[in-house]
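To be precise, the following lines are entry01.cif, and they hold mmCIF, C-alpha atoms and all ligand atoms.
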data_data
#
loop_
_atom_site.label_atom_id
_atom_site.label_comp_id
_atom_site.auth_asym_id
_atom_site.auth_seq_id
_atom_site.Cartn_x
_atom_site.Cartn_y
_atom_site.Cartn_z
CA MET A 1 15.38 -19.44 29.49
CA ILE A 2 15.61 -15.90 28.14
CA ALA A 3 19.23 -15.00 27.55
CA PRO A 4 20.62 -13.04 30.49
CA GLY A 5 21.11 -9.47 29.37
CA ALA A 6 17.92 -9.24 27.29
CA VAL A 7 16.89 -5.64 27.62
CA ASN A 8 13.41 -4.37 28.27
CA TYR A 9 11.92 -1.01 27.36
CA ALA A 10 13.31 0.62 30.50
CA GLY A 11 16.84 -0.43 29.68
CA GLN A 12 16.95 -2.90 32.59
CA ALA A 13 17.86 -6.55 32.24
CA ASP A 14 14.76 -8.75 32.06
CA PRO A 15 14.78 -11.45 34.70
CA PRO A 16 14.68 -14.91 33.15
CA PRO A 17 11.05 -16.03 33.32
CA ALA A 18 10.23 -18.93 35.61
CA ASP A 19 8.84 -22.07 33.97
CA GLU A 20 5.39 -21.95 35.52
CA TRP A 21 2.95 -19.07 35.34
CA GLU A 22 -0.64 -18.62 36.31
CA ALA A 23 -1.11 -16.45 33.23
CA VAL A 24 0.95 -15.70 30.15
CA VAL A 25 -0.26 -12.65 28.22
CA ILE A 26 1.09 -12.34 24.68
CA GLY A 27 1.46 -8.82 23.25
CA ALA A 28 1.90 -5.56 25.16
CA GLY A 29 -0.51 -3.35 23.20
CA PRO A 30 -3.44 -1.85 25.15
CA ALA A 31 -5.30 -5.19 25.34
CA GLY A 32 -2.34 -7.18 26.68
CA ALA A 33 -0.96 -4.50 29.02
CA VAL A 34 -4.38 -3.91 30.58
CA ALA A 35 -5.09 -7.65 30.94
CA ALA A 36 -1.65 -8.35 32.47
CA ARG A 37 -2.06 -5.49 34.93
CA GLN A 38 -5.54 -6.64 35.98
CA LEU A 39 -4.28 -10.20 36.55
CA ALA A 40 -1.23 -9.01 38.48
CA LEU A 41 -3.41 -6.72 40.62
CA ALA A 42 -5.54 -9.78 41.42
CA GLY A 43 -2.37 -11.42 42.77
CA ARG A 44 -1.84 -13.79 39.83
CA ARG A 45 1.71 -14.65 38.70
CA THR A 46 1.63 -13.09 35.26
CA LEU A 47 4.16 -12.98 32.42
CA LEU A 48 3.65 -10.32 29.73
CA VAL A 49 5.60 -11.25 26.57
CA GLU A 50 6.15 -8.72 23.79
CA ALA A 51 7.92 -9.33 20.49
CA LYS A 52 9.25 -5.78 20.12
CA SER A 53 11.40 -3.59 22.34
CA PHE A 54 9.56 -0.58 23.71
CA PRO A 55 9.02 2.20 22.88
CA ARG A 56 7.99 0.92 19.46
CA HIS A 57 6.11 2.55 16.61
CA LYS A 58 2.63 1.18 16.01
CA ALA A 59 0.41 1.99 13.04
CA CYS A 60 -2.36 3.95 14.73
CA GLY A 61 -4.06 7.34 14.66
CA GLY A 62 -3.72 7.49 18.45
CA CYS A 63 -7.31 8.71 19.01
CA LEU A 64 -8.71 7.48 22.29
CA SER A 65 -12.49 7.79 22.27
CA ALA A 66 -14.32 9.24 25.28
CA ALA A 67 -15.24 5.67 26.23
CA ALA A 68 -11.60 4.52 26.07
CA VAL A 69 -10.48 7.41 28.26
CA ALA A 70 -13.26 6.64 30.76
CA ALA A 71 -12.33 2.92 30.74
CA LEU A 72 -8.66 3.64 31.47
CA ARG A 73 -9.56 6.04 34.28
CA SER A 74 -12.07 3.62 35.79
CA ILE A 75 -9.39 0.94 36.28
CA GLY A 76 -6.89 3.36 37.81
CA LEU A 77 -4.86 4.12 34.69
CA GLY A 78 -5.72 7.84 34.66
CA ASP A 79 -2.21 8.70 35.89
CA ALA A 80 -0.55 6.63 33.17
CA LEU A 81 -2.71 8.46 30.64
CA ALA A 82 -1.89 11.85 32.17
CA GLU A 83 1.83 11.07 31.67
CA CYS A 84 1.28 10.98 27.88
CA PRO A 85 1.43 14.27 26.00
CA SER A 86 -2.05 14.60 24.48
CA ARG A 87 -4.58 16.90 22.82
CA GLU A 88 -8.34 16.84 23.32
CA THR A 89 -10.54 15.84 20.39
CA ARG A 90 -14.08 17.17 20.24
CA ALA A 91 -15.06 16.79 16.60
CA MET A 92 -14.29 15.05 13.34
CA GLU A 93 -14.14 16.68 9.90
CA ILE A 94 -14.74 14.30 7.03
CA TRP A 95 -13.41 15.60 3.72
CA ARG A 96 -14.48 14.16 0.40
CA ARG A 97 -14.14 15.67 -3.08
CA GLY A 98 -13.55 19.17 -1.66
CA GLU A 99 -16.57 19.08 0.66
CA CYS A 100 -16.43 18.87 4.42
CA LEU A 101 -18.81 17.31 6.92
CA ARG A 102 -18.27 18.22 10.58
CA VAL A 103 -19.40 15.79 13.28
CA PRO A 104 -19.19 16.68 16.99
CA LEU A 105 -17.68 13.96 19.21
CA PRO A 106 -17.73 13.32 22.95
CA THR A 107 -14.39 14.61 24.25
CA GLY A 108 -11.57 12.14 23.67
CA LEU A 109 -7.78 12.40 23.55
CA ALA A 110 -5.16 12.11 20.81
CA VAL A 111 -1.90 10.58 22.02
CA GLU A 112 1.24 9.15 20.50
CA ARG A 113 0.85 5.36 20.54
CA ALA A 114 4.50 4.66 21.30
CA THR A 115 4.21 6.66 24.52
CA LEU A 116 0.79 5.34 25.54
CA ASP A 117 1.81 1.70 25.12
CA GLU A 118 5.03 2.24 27.01
CA ARG A 119 3.13 3.82 29.93
CA LEU A 120 0.52 1.04 30.01
CA ALA A 121 3.22 -1.65 29.97
CA ALA A 122 5.06 0.18 32.75
CA ALA A 123 1.84 0.23 34.78
CA ALA A 124 1.46 -3.54 34.30
CA ARG A 125 5.01 -4.01 35.48
CA ARG A 126 4.50 -1.77 38.53
CA SER A 127 1.47 -3.85 39.45
CA GLY A 128 3.59 -6.99 39.57
CA ALA A 129 3.46 -8.46 36.06
CA VAL A 130 6.85 -9.69 34.84
CA THR A 131 7.55 -8.22 31.40
CA CYS A 132 9.64 -9.87 28.74
CA PHE A 133 10.32 -7.64 25.72
CA GLY A 134 12.03 -8.48 22.44
CA THR A 135 10.65 -12.01 22.76
CA SER A 136 8.21 -13.66 20.43
CA ALA A 137 5.71 -16.22 21.80
CA THR A 138 4.07 -19.21 20.11
CA VAL A 139 1.42 -21.32 21.82
CA ALA A 140 1.56 -25.11 21.37
CA ALA A 141 -1.70 -26.52 20.06
CA ASP A 142 -1.59 -29.49 22.45
CA LEU A 143 -2.34 -29.06 26.12
CA GLY A 144 0.38 -30.03 28.58
CA GLY A 145 -1.83 -31.48 31.33
CA GLN A 146 -3.88 -28.66 32.82
CA ARG A 147 -1.61 -26.08 31.32
CA ARG A 148 -0.78 -24.44 28.04
CA ILE A 149 2.79 -24.57 26.80
CA VAL A 150 4.21 -21.38 25.30
CA ARG A 151 7.43 -21.28 23.32
CA LEU A 152 9.50 -18.11 23.70
CA ASN A 153 12.08 -17.01 21.13
CA ASP A 154 14.25 -14.12 22.12
CA ARG A 155 16.12 -11.75 19.83
CA HIS A 156 19.38 -13.66 20.36
CA GLY A 157 17.89 -16.81 18.88
CA ASN A 158 17.39 -18.59 22.22
CA THR A 159 14.28 -20.72 22.69
CA THR A 160 12.64 -21.69 25.94
CA HIS A 161 9.28 -23.08 27.04
CA VAL A 162 7.01 -21.92 29.82
CA ALA A 163 3.72 -23.33 31.08
CA ALA A 164 0.63 -21.31 31.96
CA ARG A 165 -2.73 -22.14 33.47
CA MET A 166 -4.21 -19.49 31.18
CA VAL A 167 -2.97 -17.86 27.98
CA LEU A 168 -4.30 -14.54 26.75
CA ALA A 169 -3.43 -13.89 23.10
CA ALA A 170 -3.36 -10.11 22.64
CA ASP A 171 -0.83 -10.14 19.82
CA GLY A 172 -2.75 -8.02 17.34
CA LEU A 173 -3.88 -8.56 13.75
CA GLY A 174 -3.65 -12.16 12.59
CA HIS A 175 -2.63 -13.39 16.11
CA PRO A 176 0.71 -14.84 14.95
CA SER A 177 1.26 -16.61 18.28
CA LEU A 178 -1.58 -19.02 17.45
CA GLY A 179 -0.30 -20.19 14.07
CA GLU A 180 -0.39 -23.83 15.24
CA PHE A 181 -4.17 -23.75 15.88
CA ASP A 182 -6.69 -24.58 13.13
CA ASP A 183 -9.56 -23.45 15.37
CA PHE A 184 -8.36 -19.86 15.40
CA ALA A 185 -7.57 -19.54 11.68
CA CYS A 186 -8.10 -15.96 10.53
CA ARG A 187 -10.43 -15.03 7.74
CA VAL A 188 -9.03 -12.08 5.78
CA ALA A 189 -11.53 -10.02 3.77
CA HIS A 190 -10.52 -10.08 0.08
CA HIS A 191 -10.99 -6.29 -0.18
CA ALA A 192 -9.06 -5.56 3.03
CA ARG A 193 -6.95 -2.43 2.93
CA VAL A 194 -3.62 -2.11 4.67
CA GLY A 195 -2.78 0.44 7.33
CA VAL A 196 0.17 2.86 7.30
CA ALA A 197 0.92 5.51 9.89
CA ALA A 198 3.52 7.86 11.28
CA THR A 199 3.76 10.67 13.78
CA VAL A 200 5.23 13.64 11.95
CA ASP A 201 6.82 16.66 13.54
CA ASP A 202 5.58 19.45 11.30
CA PRO A 203 4.50 22.84 12.76
CA ARG A 204 2.97 23.90 9.42
CA LEU A 205 0.79 20.78 9.26
CA ALA A 206 -0.18 21.01 12.96
CA GLU A 207 -1.24 24.64 12.46
CA SER A 208 -3.30 23.84 9.38
CA LEU A 209 -5.58 21.46 11.31
CA THR A 210 -8.73 22.72 13.05
CA PRO A 211 -8.05 22.66 16.81
CA ALA A 212 -9.41 19.65 18.76
CA THR A 213 -10.58 18.06 15.51
CA ILE A 214 -9.74 14.76 13.81
CA ARG A 215 -9.48 15.27 10.06
CA MET A 216 -10.55 12.31 7.93
CA VAL A 217 -9.89 12.58 4.23
CA VAL A 218 -11.61 10.08 1.96
CA GLY A 219 -10.17 9.33 -1.47
CA SER A 220 -10.96 6.72 -4.12
CA ALA A 221 -8.41 4.16 -2.88
CA GLY A 222 -8.54 4.71 0.86
CA TYR A 223 -8.68 7.35 3.54
CA VAL A 224 -6.28 9.30 5.72
CA GLY A 225 -6.80 10.47 9.31
CA MET A 226 -4.80 13.33 10.86
CA VAL A 227 -4.83 14.71 14.37
CA ALA A 228 -2.49 16.87 16.43
CA CYS A 229 -1.19 14.95 19.46
CA ALA A 230 1.25 17.62 20.74
CA ALA A 231 2.21 21.21 19.87
CA THR A 232 3.88 20.42 16.55
CA ARG A 233 3.30 16.68 16.26
CA VAL A 234 0.58 15.14 14.11
CA ASN A 235 -0.51 11.51 13.93
CA VAL A 236 -1.13 10.57 10.30
CA ALA A 237 -2.82 7.19 9.78
CA ALA A 238 -4.26 5.75 6.59
CA ALA A 239 -6.05 2.67 5.28
CA LEU A 240 -5.17 2.28 1.63
CA ASP A 241 -5.56 -0.20 -1.18
CA ALA A 242 -2.37 -2.23 -1.52
CA ALA A 243 -2.39 -1.40 -5.26
CA LEU A 244 -2.19 2.34 -4.51
CA LEU A 245 0.75 1.82 -2.18
CA LYS A 246 2.51 -0.21 -4.81
CA ARG A 247 1.84 2.38 -7.51
CA CYS A 248 2.99 5.31 -5.39
CA GLY A 249 6.08 3.53 -4.07
CA THR A 250 6.10 4.98 -0.54
CA PRO A 251 3.46 5.43 2.20
CA VAL A 252 3.92 9.21 2.20
CA ALA A 253 3.37 9.42 -1.57
CA ALA A 254 0.19 7.29 -1.31
CA VAL A 255 -1.07 9.44 1.58
CA ASN A 256 -0.40 12.65 -0.38
CA HIS A 257 -2.15 11.20 -3.43
CA THR A 258 -5.27 10.58 -1.29
CA LEU A 259 -5.12 14.03 0.33
CA ALA A 260 -4.86 15.72 -3.06
CA GLN A 261 -8.07 14.00 -4.21
CA ALA A 262 -10.19 15.17 -1.36
CA CYS A 263 -9.35 18.41 0.39
CA ARG A 264 -7.66 21.81 0.14
CA PRO A 265 -4.01 21.57 -0.93
CA LEU A 266 -2.23 19.88 1.93
CA THR A 267 0.75 17.59 1.80
CA ILE A 268 2.79 15.63 4.28
CA ALA A 269 6.48 16.46 3.94
CA ASP A 270 8.63 13.46 3.05
CA GLY A 271 10.73 14.00 6.17
CA PRO A 272 12.37 11.74 8.72
CA ALA A 273 9.11 10.32 10.16
CA HIS A 274 9.09 6.57 10.85
CA TRP A 275 6.27 5.03 8.78
CA VAL A 276 4.88 1.67 9.87
CA GLY A 277 2.51 -0.61 8.02
CA THR A 278 0.14 -3.44 8.90
CA ARG A 279 -1.15 -6.74 7.63
CA PRO A 280 -4.52 -6.54 5.81
CA LEU A 281 -6.80 -4.71 8.23
CA THR A 282 -10.06 -6.59 8.01
CA GLN A 283 -9.69 -10.09 9.40
CA HIS A 284 -11.18 -12.08 12.20
CA SER A 285 -11.34 -15.47 13.80
CA SER A 286 -14.83 -16.89 14.25
CA GLN A 287 -13.68 -18.53 17.48
CA VAL A 288 -12.21 -16.26 20.16
CA ALA A 289 -11.83 -18.75 23.00
CA GLY A 290 -10.61 -22.29 23.51
CA GLU A 291 -9.45 -24.44 26.38
CA ARG A 292 -7.40 -22.19 28.71
CA ILE A 293 -6.99 -19.60 25.98
CA PHE A 294 -8.69 -16.31 25.13
CA LEU A 295 -8.14 -14.03 22.14
CA LEU A 296 -8.55 -10.34 22.80
CA GLY A 297 -8.17 -6.96 21.12
CA ASP A 298 -7.18 -7.05 17.45
CA ALA A 299 -6.08 -10.68 17.86
CA ALA A 300 -9.78 -11.60 17.99
CA GLY A 301 -10.60 -9.47 14.95
CA TYR A 302 -10.48 -6.02 13.44
CA VAL A 303 -12.74 -4.49 10.86
CA GLU A 304 -11.79 -1.27 9.09
CA PRO A 305 -12.35 1.62 8.88
CA PHE A 306 -10.66 2.88 12.00
CA THR A 307 -13.34 4.76 13.82
CA GLY A 308 -11.72 4.93 17.24
CA GLU A 309 -13.13 1.60 18.37
CA GLY A 310 -9.88 -0.33 18.15
CA MET A 311 -8.31 0.79 21.39
CA THR A 312 -11.67 1.04 23.18
CA SER A 313 -12.35 -2.58 22.37
CA ALA A 314 -8.78 -3.61 23.24
CA ILE A 315 -8.94 -1.98 26.68
CA GLN A 316 -12.42 -3.31 27.50
CA SER A 317 -11.51 -6.80 26.32
CA GLY A 318 -8.35 -6.68 28.46
CA VAL A 319 -10.46 -6.02 31.56
CA VAL A 320 -13.11 -8.67 30.95
CA ALA A 321 -10.84 -11.41 29.60
CA ALA A 322 -8.56 -10.93 32.63
CA GLU A 323 -11.53 -11.42 34.93
CA LEU A 324 -12.54 -14.63 33.17
CA ALA A 325 -8.93 -15.83 33.04
CA GLU A 326 -8.64 -15.30 36.76
CA ARG A 327 -11.56 -17.68 37.27
CA GLY A 328 -9.94 -20.11 34.82
CA ILE A 329 -6.72 -20.13 36.83
CA THR A 330 -8.64 -21.23 39.91
CA HIS A 331 -10.85 -23.72 38.10
CA TRP A 332 -11.04 -24.13 34.32
CA SER A 333 -14.42 -24.91 32.79
CA ALA A 334 -15.64 -24.77 29.19
CA GLU A 335 -18.29 -22.34 30.46
CA LEU A 336 -15.59 -19.68 30.69
CA ALA A 337 -14.72 -20.03 27.01
CA ASN A 338 -18.43 -19.90 26.16
CA ALA A 339 -18.84 -16.78 28.31
CA TRP A 340 -16.03 -14.90 26.49
CA GLN A 341 -17.27 -16.04 23.07
CA ALA A 342 -20.84 -14.97 23.90
CA ARG A 343 -19.80 -11.57 25.20
CA TYR A 344 -17.61 -10.95 22.17
CA ASP A 345 -20.33 -12.04 19.73
CA ARG A 346 -22.91 -9.89 21.49
CA HIS A 347 -20.98 -6.65 21.94
CA VAL A 348 -18.21 -6.57 19.34
CA ARG A 349 -19.59 -8.27 16.24
CA PRO A 350 -22.57 -5.88 15.77
CA SER A 351 -20.29 -2.85 15.65
CA GLN A 352 -17.94 -4.71 13.32
CA ARG A 353 -20.89 -5.09 10.98
CA VAL A 354 -21.43 -1.30 11.06
CA CYS A 355 -17.73 -0.82 10.31
CA SER A 356 -18.01 -3.25 7.37
CA LEU A 357 -20.86 -1.14 6.00
CA LEU A 358 -18.79 2.06 6.33
CA ALA A 359 -15.82 0.36 4.64
CA TRP A 360 -18.11 -0.78 1.83
CA LEU A 361 -19.43 2.78 1.41
CA SER A 362 -15.87 4.11 1.23
CA ARG A 363 -15.14 1.77 -1.67
CA HIS A 364 -18.21 2.60 -3.75
CA ALA A 365 -18.23 6.15 -5.08
CA LEU A 366 -21.94 6.44 -5.77
CA ALA A 367 -23.00 4.98 -2.44
CA ALA A 368 -20.45 7.18 -0.69
CA ASP A 369 -21.89 10.27 -2.44
CA VAL A 370 -25.39 9.39 -1.24
CA GLY A 371 -24.15 8.66 2.31
CA PHE A 372 -22.19 11.91 2.43
CA ARG A 373 -25.20 13.95 1.20
CA LEU A 374 -27.55 12.28 3.67
CA ALA A 375 -25.18 12.92 6.57
CA THR A 376 -24.80 16.58 5.48
CA CYS A 377 -28.58 17.09 5.30
CA PHE A 378 -29.38 15.09 8.45
CA PRO A 379 -26.71 15.80 11.10
CA THR A 380 -28.39 13.26 13.41
CA ILE A 381 -26.84 10.52 11.25
CA GLY A 382 -23.37 11.85 12.10
CA ALA A 383 -24.27 12.14 15.78
CA LEU A 384 -25.56 8.54 15.83
CA ALA A 385 -22.37 7.30 14.15
CA ALA A 386 -20.30 9.23 16.71
CA ARG A 387 -22.27 7.60 19.50
CA HIS A 388 -21.68 4.20 17.98
CA VAL A 389 -17.96 4.94 17.66
CA ASN A 390 -17.68 6.05 21.24
CA PHE A 391 -19.99 3.80 23.14
CA GLY A 392 -20.49 0.78 20.86
CA HIS A 393 -18.07 -1.29 22.87
CA GLN A 394 -18.89 0.02 26.31
CA ARG A 395 -20.99 -2.99 27.30
CA LEU A 396 -18.13 -5.31 26.42
CA GLY A 397 -16.39 -4.07 29.56
CA GLU A 398 -19.38 -4.35 31.90
CA LYS A 399 -18.84 -6.33 35.08
CA LEU A 400 -19.36 -10.07 34.68
CA PRO A 401 -22.21 -11.75 36.55
C1 LIG A 501 -3.69 2.87 10.47
C2 LIG A 501 -4.46 2.59 11.73
C3 LIG A 501 -5.00 3.64 12.49
C4 LIG A 501 -5.71 3.37 13.65
N1 LIG A 501 -6.20 4.41 14.39
C5 LIG A 501 -6.85 4.17 15.53
C6 LIG A 501 -7.30 5.25 16.35
O1 LIG A 501 -7.09 6.41 16.07
N2 LIG A 501 -7.97 4.94 17.51
C7 LIG A 501 -8.19 3.64 17.89
O2 LIG A 501 -8.80 3.41 18.93
N3 LIG A 501 -7.76 2.61 17.14
C8 LIG A 501 -7.09 2.84 15.99
N4 LIG A 501 -6.60 1.80 15.26
C9 LIG A 501 -6.79 0.44 15.75
C10 LIG A 501 -5.84 0.17 16.92
O3 LIG A 501 -4.52 0.51 16.57
C11 LIG A 501 -5.91 -1.29 17.34
O4 LIG A 501 -7.25 -1.70 17.41
C12 LIG A 501 -5.22 -1.52 18.69
O5 LIG A 501 -3.86 -1.25 18.59
C13 LIG A 501 -5.44 -2.95 19.18
O6 LIG A 501 -4.69 -3.15 20.33
P1 LIG A 501 -4.18 -4.61 20.72
O7 LIG A 501 -3.58 -4.48 22.06
O8 LIG A 501 -5.25 -5.60 20.49
O9 LIG A 501 -3.07 -4.97 19.64
P2 LIG A 501 -1.73 -4.22 19.23
O10 LIG A 501 -1.75 -2.81 19.68
O11 LIG A 501 -1.53 -4.51 17.79
O12 LIG A 501 -0.60 -4.97 20.09
C14 LIG A 501 -0.20 -6.27 19.79
C15 LIG A 501 1.22 -6.45 20.30
O13 LIG A 501 1.56 -7.83 20.19
C16 LIG A 501 2.90 -7.93 19.81
N5 LIG A 501 3.10 -9.27 19.21
C17 LIG A 501 2.72 -9.70 17.99
N6 LIG A 501 3.04 -10.99 17.84
C18 LIG A 501 3.65 -11.39 18.98
C19 LIG A 501 4.20 -12.62 19.43
N7 LIG A 501 4.19 -13.75 18.67
N8 LIG A 501 4.75 -12.66 20.67
C20 LIG A 501 4.78 -11.57 21.45
N9 LIG A 501 4.26 -10.37 21.07
C21 LIG A 501 3.68 -10.29 19.85
C22 LIG A 501 3.09 -6.79 18.82
O14 LIG A 501 4.45 -6.43 18.70
C23 LIG A 501 2.25 -5.70 19.47
O15 LIG A 501 3.01 -4.86 20.32
C24 LIG A 501 -5.89 2.04 14.08
C25 LIG A 501 -5.35 0.98 13.34
C26 LIG A 501 -4.63 1.26 12.19
C27 LIG A 501 -4.03 0.12 11.42
#

Would it be possible to restate this file's structure as structure tokens?
Ligand SMILES: Cc1cc2nc3c(=O)[nH]c(=O)nc-3n(C[C@H](O)[C@H](O)[C@H](O)COP(=O)(O)OP(=O)(O)OC[C@H]3O[C@@H](n4cnc5c(N)ncnc54)[C@H](O)[C@@H]3O)c2cc1C
Amino acid sequence: MIAPGAVNYAGQADPPPADEWEAVVIGAGPAGAVAARQLALAGRRTLLVEAKSFPRHKACGGCLSAAAVAALRSIGLGDALAECPSRETRAMEIWRRGECLRVPLPTGLAVERATLDERLAAAARRSGAVTCFGTSATVAADLGGQRRIVRLNDRHGNTTHVAARMVLAADGLGHPSLGEFDDFACRVAHHARVGVAATVDDPRLAESLTPATIRMVVGSAGYVGMVACAATRVNVAAALDAALLKRCGTPVAAVNHTLAQACRPLTIADGPAHWVGTRPLTQHSSQVAGERIFLLGDAAGYVEPFTGEGMTSAIQSGVVAAELAERGITHWSAELANAWQARYDRHVRPSQRVCSLLAWLSRHALAADVGFRLATCFPTIGALAARHVNFGHQRLGEKLP
């Protein structure tokens, strides 16, 4: 059992989880919080397990695409979103070697991830999901009858086991909770960059950004995104070569190195901001479903660059995987695993291929020059890319037959 006195994000004692659950959802990012809430709303006994205490910093630019905003509102999470301080985003500026390409975007929102995730987890809890923070989950590879066994390790070093009719792994890049499964082994791209991000409180930086615009700055060893998410607060998120990070010594130095290569003099002050990093960004599992288990959000796969699809895909996958899991709780059949795999392959993989192409372009100077010139001369290219970014994953969330 979880040690009495374990504290959740709201500062309340977590109740010890019962042994038997209809669903255990691992990870309280957007994918897990949305899935847990959907299952709880459907009346299913749901445990949402999260390794960190909330609010926690998460490496993210915090840009919710128009499609992500629409998806949250359509499932009744508009109020949770409205509780987050935010700024509208209506365009993206891409800076490279002193030149700027401006691409209009359907209206989205920039938020602070720590706040968004806390609000989504709170919504799951209000809907009846039991939340268990500061507890890391591992799924046993062997089935325990018609159930999955999940091992829980809390921050005090206590271990307990719970059983679930369905497990939803929404534990982000590399899905650490599934380390015992060969079927879900992750393939990491050899060129994968790593992510670093922070929200910085800097009035000078916030003022220097074009209003309602995401600034993307492309350098030779990665790229940096910046967007205002509140009056003086700016989300700074970068995907950088590990070698650059090592050479520069700190994330802020590597970010400033990239900014200096590509746009007007602009630096991030080396202040008290909390920088967080990631595992290699581009990795995926070819299999995203197994018996009584679904992988969703980044746990299923993520392909850089970050183009605003990450959270859209996480939210949509939370909705659909929860619907399939609900059927699996009533009656498991291999058809359900096939259905999730097919939907993922059909609606997520194609846009991952587009992202791979963009990442390739960003690593090859000559190709990037040509791409940049073409997009400057033919603005339709930018508009098409923006459409892809915003609506590429929309069909993932369509109602199941
Ligand atoms: C630098 C950077 C910038 C980005 N910018 C954007 C952006 O602007 N817009 C956008 O849409 N996307 C962006 N993304 C992508 C986006 O952050 C992800 O796609 C999104 O967070 C995926 O959500 P998720 O719920 O699948 O996983 P996550 O948000 O990663 O959540 C997974 C959760 O699982 C928990 N966990 C891990 N292991 C365990 C375990 N064993 N047991 C229990 N809990 C566990 C983690 O603590 C975490 O809270 C960016 C990514 C990076 C790296």

May I have the protein, DNA and RNA residues with an atom at most 8 Å from (-9.8, -8.7, 14.9), counting only C-alpha atoms in the file's coordinates, returned as a PyMOL selection string?
-> chain A and resi 172-174+282-285+297-303

inquiry  = When you count only C-alpha atoms and all ligand atoms, which of these residues is closest to ligand LIG 501 (chain A): A:Val227, A:Leu81, A:Ala123, A:Leu357?
reply    =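 When distances to ligand LIG 501 (chain A) are compared using only C-alpha atoms and all ligand atoms, the smallest one comes from A:Val227.
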
**OP:** Could you please extract the residues within 7 Å of ligand LIG 501 (chain A), counting all atoms listed in the file, and hand them back as a PyMOL selection string?
**Re:** chain A and resi 26-32+49-52+58-65+135-138+170-173+175-177+195-197+237-239+278+281+296-299+302+306-312+314

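Atom pair atom CA of A:Leu384 / atom CA of A:Cys229 has a distance of 25.5 Å (rounded to one decimal).
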
Could you check which residues have any atom within 8 Å of (1.6, 14.1, 15.3), counting only C-alpha atoms with coordinates taken straight from the file, and then list them as a short mmCIF file (atom, residue, chain, number, x, y, z; two decimals) with C-alpha atoms, in the coordinates of the input?
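This went into part-v7.cif:
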data_model
loop_
_atom_site.label_atom_id
_atom_site.label_comp_id
_atom_site.auth_asym_id
_atom_site.auth_seq_id
_atom_site.Cartn_x
_atom_site.Cartn_y
_atom_site.Cartn_z
CA GLU A 112 1.24 9.15 20.50
CA ALA A 198 3.52 7.86 11.28
CA THR A 199 3.76 10.67 13.78
CA VAL A 200 5.23 13.64 11.95
CA ASP A 201 6.82 16.66 13.54
CA ASP A 202 5.58 19.45 11.30
CA ALA A 206 -0.18 21.01 12.96
CA MET A 226 -4.80 13.33 10.86
CA VAL A 227 -4.83 14.71 14.37
CA ALA A 228 -2.49 16.87 16.43
CA CYS A 229 -1.19 14.95 19.46
CA ALA A 230 1.25 17.62 20.74
CA THR A 232 3.88 20.42 16.55
CA ARG A 233 3.30 16.68 16.26
CA VAL A 234 0.58 15.14 14.11
CA ASN A 235 -0.51 11.51 13.93
CA VAL A 236 -1.13 10.57 10.30
#

For atom CA of A:Asp182 and atom CA of A:Ala141, the interatomic separation in Å (one decimal) =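 So the two atoms, atom CA of A:Asp182 and atom CA of A:Ala141, lie 8.8 Å apart.
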